[in-house]
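Below is one structure; the comments refer to it alone.
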Amino acid sequence: MKRFSRNDFVDGLSNMIEDNVSLTVLIRGYFHEEKLSGVLAAIESIDKLKDGLFVVSSISEVPKLFEKSFKRKFPKVKQNQTYNFANSNNRFIRRTNSSDKFGYDEDFIVFYPVESLLFKEKDTESFISQLKNSPVPIKIIITTNDYSERAEKLYPFIDEVVILDVNDLHAETYSTLENNLKRKGRALPY
């Protein structure tokens with residue numbers, strides 16, 4: 001498990017990807033917009049990542065999920081249409097559209113968000129099967145609402161776990177998260 005600050009995250013993730021022919025990495029952290037922004041910046045900085053696939057829970061949610069990272073309005077998205085951003089050609093596909101695998105000739109695949117599929121064992125097992133069967137060499141999984149240990153179910157199928165630690169930049173929100181969990185008798189997972 002590697003922990004990076006905002007300043008080190010893009011370089012750390014980029015180096016990991018560049019140093020590996022194939023890599024499955026799980027990106028954790030308490031602020032999902034920061035994680036997506038960092039992943040997009042890393043993708044943009046790597047020349048070998050030209051074609052990507054973003055596997056999402058809902059195509060209609062893509063503009064909402066991505067516009068904070070782009071700091072501008074993200075266009076309405078159509079499934080399997082190509083969009084150029086992060087210095088690469090990217091498509092979006094809904095996670096439930098494929099029963100056994102995603103991707104075929106892309107350089108990378110990003111699964112975002114994945115938190116909802118970690119609630120039910122059947123959904124988690126289906127996702128793990130899709131992840132293992134995907135022929136894409138670089139696989140990036142980004143959590144949202146990462147306030148539990150559910151993501152640890154994926155650890156046996158991951159090469160690297162990276163935590164984006166921007167808690168000090170969001171100190172008030174972080175403190176609220178921590179206090180809310182304490183009131184429920186729980187603690188933050190890392």
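Just so we're on the same page: first chain in the structure tokens is A, next is B, and so on; residues restart at 1 for each chain, and ligands are numbered from 1 in the order they show up.
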**Study point:** alpha helix (DSSP H) positions in segment 52-181 of chain A, given as a VMD selection string
**Key:** chain A and resid 62 to 70 121 to 133 171 to 181
Review point. Between A:Thr143, A:Thr96, A:Ser134, A:Ser88, which has the minimum distance to Tyr112 of chain A (counting only C-alpha atoms)?
Key: A:Thr143
Check your understanding: Looking at A:Ile142, A:Lys122, A:Thr176, A:Gly185, which one is nearest to Ile163 of chain A, with distances taken over only C-alpha atoms?
Key -> A:Ile142
So that I can check the surroundings of Glu121 of chain A, please list as a PDB file with all heavy atoms, in the first residue's frame every protein, DNA and RNA residue that reaches within 10 Å of it, counting only C-alpha atoms and ignoring chain neighbours fewer than 5 positions away.
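Just written: out_4.pdb:
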```pdb
ATOM      1  N   SER A 126     -19.069 -10.716  -9.373  1.00  0.00           N
ATOM      2  CA  SER A 126     -19.208 -10.427 -10.804  1.00  0.00           C
ATOM      3  C   SER A 126     -18.137  -9.433 -11.247  1.00  0.00           C
ATOM      4  O   SER A 126     -17.503  -9.607 -12.293  1.00  0.00           O
ATOM      5  CB  SER A 126     -20.605  -9.874 -11.085  1.00  0.00           C
ATOM      6  OG  SER A 126     -20.714  -9.476 -12.423  1.00  0.00           O
ATOM      7  N   PHE A 127     -17.916  -8.387 -10.449  1.00  0.00           N
ATOM      8  CA  PHE A 127     -16.904  -7.394 -10.788  1.00  0.00           C
ATOM      9  C   PHE A 127     -15.505  -8.018 -10.799  1.00  0.00           C
ATOM     10  O   PHE A 127     -14.709  -7.765 -11.710  1.00  0.00           O
ATOM     11  CB  PHE A 127     -16.940  -6.221  -9.812  1.00  0.00           C
ATOM     12  CG  PHE A 127     -15.828  -5.239 -10.042  1.00  0.00           C
ATOM     13  CD1 PHE A 127     -15.801  -4.463 -11.188  1.00  0.00           C
ATOM     14  CD2 PHE A 127     -14.785  -5.123  -9.143  1.00  0.00           C
ATOM     15  CE1 PHE A 127     -14.764  -3.569 -11.428  1.00  0.00           C
ATOM     16  CE2 PHE A 127     -13.751  -4.231  -9.357  1.00  0.00           C
ATOM     17  CZ  PHE A 127     -13.740  -3.447 -10.511  1.00  0.00           C
ATOM     18  N   LYS A 153     -11.978  -6.217  -0.007  1.00  0.00           N
ATOM     19  CA  LYS A 153     -12.374  -7.447  -0.704  1.00  0.00           C
ATOM     20  C   LYS A 153     -11.636  -7.579  -2.039  1.00  0.00           C
ATOM     21  O   LYS A 153     -11.477  -8.672  -2.556  1.00  0.00           O
ATOM     22  CB  LYS A 153     -13.882  -7.439  -0.999  1.00  0.00           C
ATOM     23  CG  LYS A 153     -14.773  -7.442   0.198  1.00  0.00           C
ATOM     24  CD  LYS A 153     -16.233  -7.346  -0.270  1.00  0.00           C
ATOM     25  CE  LYS A 153     -17.189  -7.194   0.858  1.00  0.00           C
ATOM     26  NZ  LYS A 153     -18.582  -7.070   0.390  1.00  0.00           N
TER      27      LYS A 153
END
```
Check your understanding: Which polymer residues have any atom within 10 Å of an atom of segment 45-62 of chain A, counting only C-alpha atoms, with same-chain residues fewer than 6 positions away left out, as a ChimeraX atom specification?
Key -> /A:10-11,14-15,17-18,39,74-80,82-97,102-117,136,138-141
Practice item. Figure out the distance between atom CA of Asn7 of chain A and atom CA of Thr24 of chain A, please, to one decimal in Å. Key: 22.1 Å
Check your understanding: In Å, how far is it from atom CA of His32 of chain A to atom CA of Thr144 of chain A?
Key -> 5.3 Å
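Proximity to Arg186 of chain A was assessed for A:Lys73, A:Tyr147, A:Tyr30, A:Phe9 counting only C-alpha atoms; the smallest distance is recorded for A:Tyr147.
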Study note, to complete from the structure: Judged by only C-alpha atoms, the minimum distance to Ser5 of chain A among A:Leu169, A:Ala42, A:Leu164, A:Leu188 is found for A:Leu164
Check your understanding: Where in chain A does DSSP assign strand (DSSP E or B), given as a VMD selection string?
Key -> chain A and resid 2 to 4 23 to 28 51 to 56 83 to 85 88 to 94 108 to 111 138 to 142 160 to 164
Can those selected residues be exported to a file as a compact mmCIF listing (two decimals), in the first residue's frame so that it contains C-alpha atoms?
```
# COMPACT_ATOMS: atom_id res chain seq x y z
CA LYS A 2 1.36 3.39 -1.00
CA ARG A 3 0.15 6.71 0.36
CA PHE A 4 0.67 9.90 -1.64
CA LEU A 23 -0.91 -3.30 -13.62
CA THR A 24 -4.13 -3.37 -11.64
CA VAL A 25 -4.25 -0.52 -9.15
CA LEU A 26 -6.91 0.42 -6.61
CA ILE A 27 -7.12 4.13 -5.83
CA ARG A 28 -8.50 4.88 -2.37
CA ASP A 51 -6.98 4.67 -25.87
CA GLY A 52 -9.05 4.23 -22.75
CA LEU A 53 -12.32 2.83 -21.53
CA PHE A 54 -14.19 4.23 -18.53
CA VAL A 55 -16.57 1.71 -16.98
CA VAL A 56 -19.24 3.56 -15.02
CA TYR A 83 -14.24 11.58 -26.32
CA ASN A 84 -10.81 13.15 -26.33
CA PHE A 85 -9.55 14.18 -22.90
CA SER A 88 -6.22 10.09 -24.98
CA ASN A 89 -9.26 8.81 -26.85
CA ASN A 90 -11.80 7.53 -24.35
CA ARG A 91 -15.11 5.73 -24.39
CA PHE A 92 -17.67 5.20 -21.64
CA ILE A 93 -19.57 1.99 -21.07
CA ARG A 94 -22.04 0.99 -18.38
CA PHE A 108 -6.10 1.34 -20.06
CA ILE A 109 -9.43 0.91 -18.33
CA VAL A 110 -10.82 2.92 -15.42
CA PHE A 111 -13.60 1.55 -13.23
CA ILE A 138 -3.55 -1.12 -17.21
CA LYS A 139 -6.58 -1.33 -14.92
CA ILE A 140 -7.41 1.50 -12.53
CA ILE A 141 -10.17 1.16 -9.96
CA ILE A 142 -11.36 4.31 -8.16
CA GLU A 160 -1.06 -2.00 -5.95
CA VAL A 161 -3.25 -0.07 -3.53
CA VAL A 162 -2.70 3.68 -3.62
CA ILE A 163 -4.17 6.09 -1.10
CA LEU A 164 -4.52 9.72 -2.08
```
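The coordinates place atom CA of Leu177 of chain A at 27.1 Å from atom CA of Arg72 of chain A.
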Review point. Counting only C-alpha atoms, what is within 7 Å of Ser148 of chain A, bar same-chain residues fewer than 2 positions away, as number ranges by chain?
Key: A: 146, 150, 188-189
